[in-house]
Amino acid sequence: MYNIKVRGVLIEGNKGYHDITRDITSPILSKTAPTWWRISAFIASAMLIWGMWGFYNTIAVGLGTWGLNNSVSWGMAIINFVWWIGIAHAGTAFSIFLLVLHQRWRTSINRAAEAMTIFAVLAAGMFPMIHMGRIWNAFFVFPYPNTRGPIWDNFNSPLFWDVTAIGTYLTASFLFWYVGMVPDFASIRERTVSKIKKKIYGILSFGWLGSARGWLRFETAALLMGGLTAPLVISVHSIVAMDFAAGIVPGWHSTIFPPFFVVGAIFSGFAMVLTLMIIVRKVYKYEEYVTRRHLDAIARVLTFISLIMAVSYISEIFVAWYSDSPYELYVFFKNRATGDYAFEFWAMITCNTIIPQLFWFKKIRKNIALVFIISIFINIGMWFERYVIVVTSLSKTWLPSTWHSYTPTITEIAIFVGTMGFFIMGILLFLRYLPMMAMSELKGVLKETSIVKENTESHE
Amino acid sequence: MNNQGQILGVFDDPDVINTAVDELLRNNIEIKDVFSPFPLEHVWEKLNLKTRIPYATFLYGAFGTIGTFAFLYWTSVINYPLIFGGKPTDSLSFVVLMFVLAILSGVVFTFLTFIVREKLWPGKNAKMPDPRSMDDKFVIVIEKDKEMDEAAVRKIDELLRKNGAVEVNMSNA
């Protein structure tokens, strides 16, 4: 049996309930934003504006502004789409998997991870839309009664499943996120002295009272919504993987793709959470909430997932060799490992499977600067993974006469940078205006930890 | 019904409020509600509170599954049976969409049920018996009804204080 004492202290610094309310609401209630916030917001807006130029250029001129060609018909847009969707898995993986596994250390991090989910899904969603070229016809993807027959979508296509799965993922994550924030909005409503803030957070809090029956319904509803959303982590990225695996392209047509993509998504999501939380705990001085133990736990999870990634890469290569299919062999042994895309391939292998192994060493896990750098490497490595999958397979398929290389244009890069600006801006607004940690949940774990602390101290 | 006001027992510890609730129930005092900054599972059990939201969620999920299948069958088999790649029109791969949309239906309608049952809406005026229960206080609310005389009120007051209430307030709302 597991023992509660194993868990140890979740929130350091001997805090009381009031301290939690004060610490978490103070960034929201302060009249002015801190300087670093303004600078970051300025940079993020600049990135966003550049991205809007890329967007405009694509729509006004057409997809010819991208580096796509007849062979490589999926370029940066799909790479970035899959990358963002991967990052979007952080929130749900954190909130819900760890909820189901009774990992209560999630409480300090889940709200921010869920916010990442929302903004990353929104950033991801822009790519398929703009990839259609005629964005004003984007509504064609929905099955609506029409005058063309009425002819319906192909409901057996992974591309339509994608639309549904991502739409569902966004809706479900948003509702789960919002429900979790309702009690915290009520706390802000009762705490603020500003009339405008009282009004706004009053509206957002839906008139929440925190009565016993209310909390019972809240907990039940939140648990059910979370439990229902949990399988989406598996289904969303499995479906994205099927966009590839259902195509008969060497390097894509593989049964390992759905689980491989899901693991990769959780990997990049956790890495992004680590990146973000290290910054947040530093700038907001939340070291007592996001403790070293939290970072240590995430680093351990990443080490484990990194090993699964390594196994996936090796089994892909093994199956390519074992199949004895000349096309598969070519993709893995010539094009990827030693050919034109060797740099991207080895960057992927190094960043995703070799560098995270440094987390085996306690000294490295304890060094926050190094942990931060490694988390950035994982983010980059996961981007390269998508690059390798999309570009290498498409650039050299069956007929050498159709071979074509791919280089992204400035417009594509602008759109990518723009979505990053959008994501950063979203996170900044979240940090400034929404409760970035679940106060009610933090208060819920506070008491137990104080008891545990006494117990562990008496043992030591 | 009431109009006689309420007795508010204010506590600052979730464990103390547990024993206080026990003690009040043992003395047959009806607890109207308990306000807290975070969920207190033990109090629900003691007050015998139940919710039927899980059953509702099951129905929403079932509705999502069946509704999606009905829609897919109608569009792909009855309304416009278009053949894609020589595959049958009623395909086993409907399962994917049925699965995803069952979740969507479950989540959205559970959310709506929650706010409807709790009578929450944007901009609702929240009348808190004690606003501090959003921060660090736990409040037991006891209804003062007409039969309650001075002595009964004093008894409740004493009982609350004896069991760790940091203050006991009377409200006339």
# chains A, B, ... in the order shown; residues from 1 in each chain; ligands from 1

$ closest_atom_pairs --of "segment 146-256 of chain A" --to "segment 121-131 of chain B" --cutoff "8 Å" --atoms "only C-alpha atoms" --output "CSV"
residue,atom,partner,partner_atom,distance
A:Glu190,CA,B:Pro131,CA,6.1
A:Lys199,CA,B:Gly123,CA,7.9
A:Gly202,CA,B:Gly123,CA,6.0
A:Ile203,CA,B:Gly123,CA,3.8
A:Leu204,CA,B:Pro122,CA,6.0
A:Ser205,CA,B:Pro122,CA,7.0
A:Phe206,CA,B:Pro122,CA,4.3
A:Gly207,CA,B:Ala126,CA,4.5
A:Trp208,CA,B:Ala126,CA,6.5
A:Leu209,CA,B:Met128,CA,6.2

$ closest_residue --among "A:Gly62, A:Pro128, A:Gly226, A:Gly91" --to "chain B" --atoms "only C-alpha atoms"
A:Gly226

$ interface_residues --of "chain B" --to "chain A" --cutoff "8 Å" --atoms "only C-alpha atoms" --output "PyMOL selection string"
chain B and resi 33-41+43-44+49-51+53-54+57+72+75-76+79-80+84+91+93-94+96-97+100-101+103-104+106-108+110-111+114+118+120-128+131-136

$ select_by_dssp --residues "segment 30-112 of chain A" --states "alpha helix (DSSP H)" --output "ChimeraX atom specification"
/A:35-61,76-92,98-100,110-112

$ residues_around --residues "Thr58 of chain A" --least-positions-apart "4" --cutoff "9 Å" --atoms "only C-alpha atoms" --output "number ranges by chain"
A: 53-54, 62-66, 130-131, 133, 411-412

$ write_last_selection --atoms "C-alpha atoms" --output "PDB file, in the first residue's frame"
ATOM      1  CA  TRP A  53       1.773  39.902 -42.382  1.00  0.00           C
ATOM      2  CA  GLY A  54       2.546  36.276 -43.289  1.00  0.00           C
ATOM      3  CA  GLY A  62      -1.945  32.591 -52.453  1.00  0.00           C
ATOM      4  CA  LEU A  63      -0.149  29.457 -51.376  1.00  0.00           C
ATOM      5  CA  GLY A  64       2.528  30.195 -53.970  1.00  0.00           C
ATOM      6  CA  THR A  65       4.150  32.338 -51.309  1.00  0.00           C
ATOM      7  CA  TRP A  66       5.019  29.114 -49.482  1.00  0.00           C
ATOM      8  CA  ILE A 130      -4.709  28.824 -43.761  1.00  0.00           C
ATOM      9  CA  HIS A 131      -3.390  25.749 -45.563  1.00  0.00           C
ATOM     10  CA  GLY A 133      -5.696  28.671 -49.249  1.00  0.00           C
ATOM     11  CA  THR A 411       6.094  33.885 -45.294  1.00  0.00           C
ATOM     12  CA  GLU A 412       5.954  30.446 -43.727  1.00  0.00           C
TER      13      GLU A 412
END
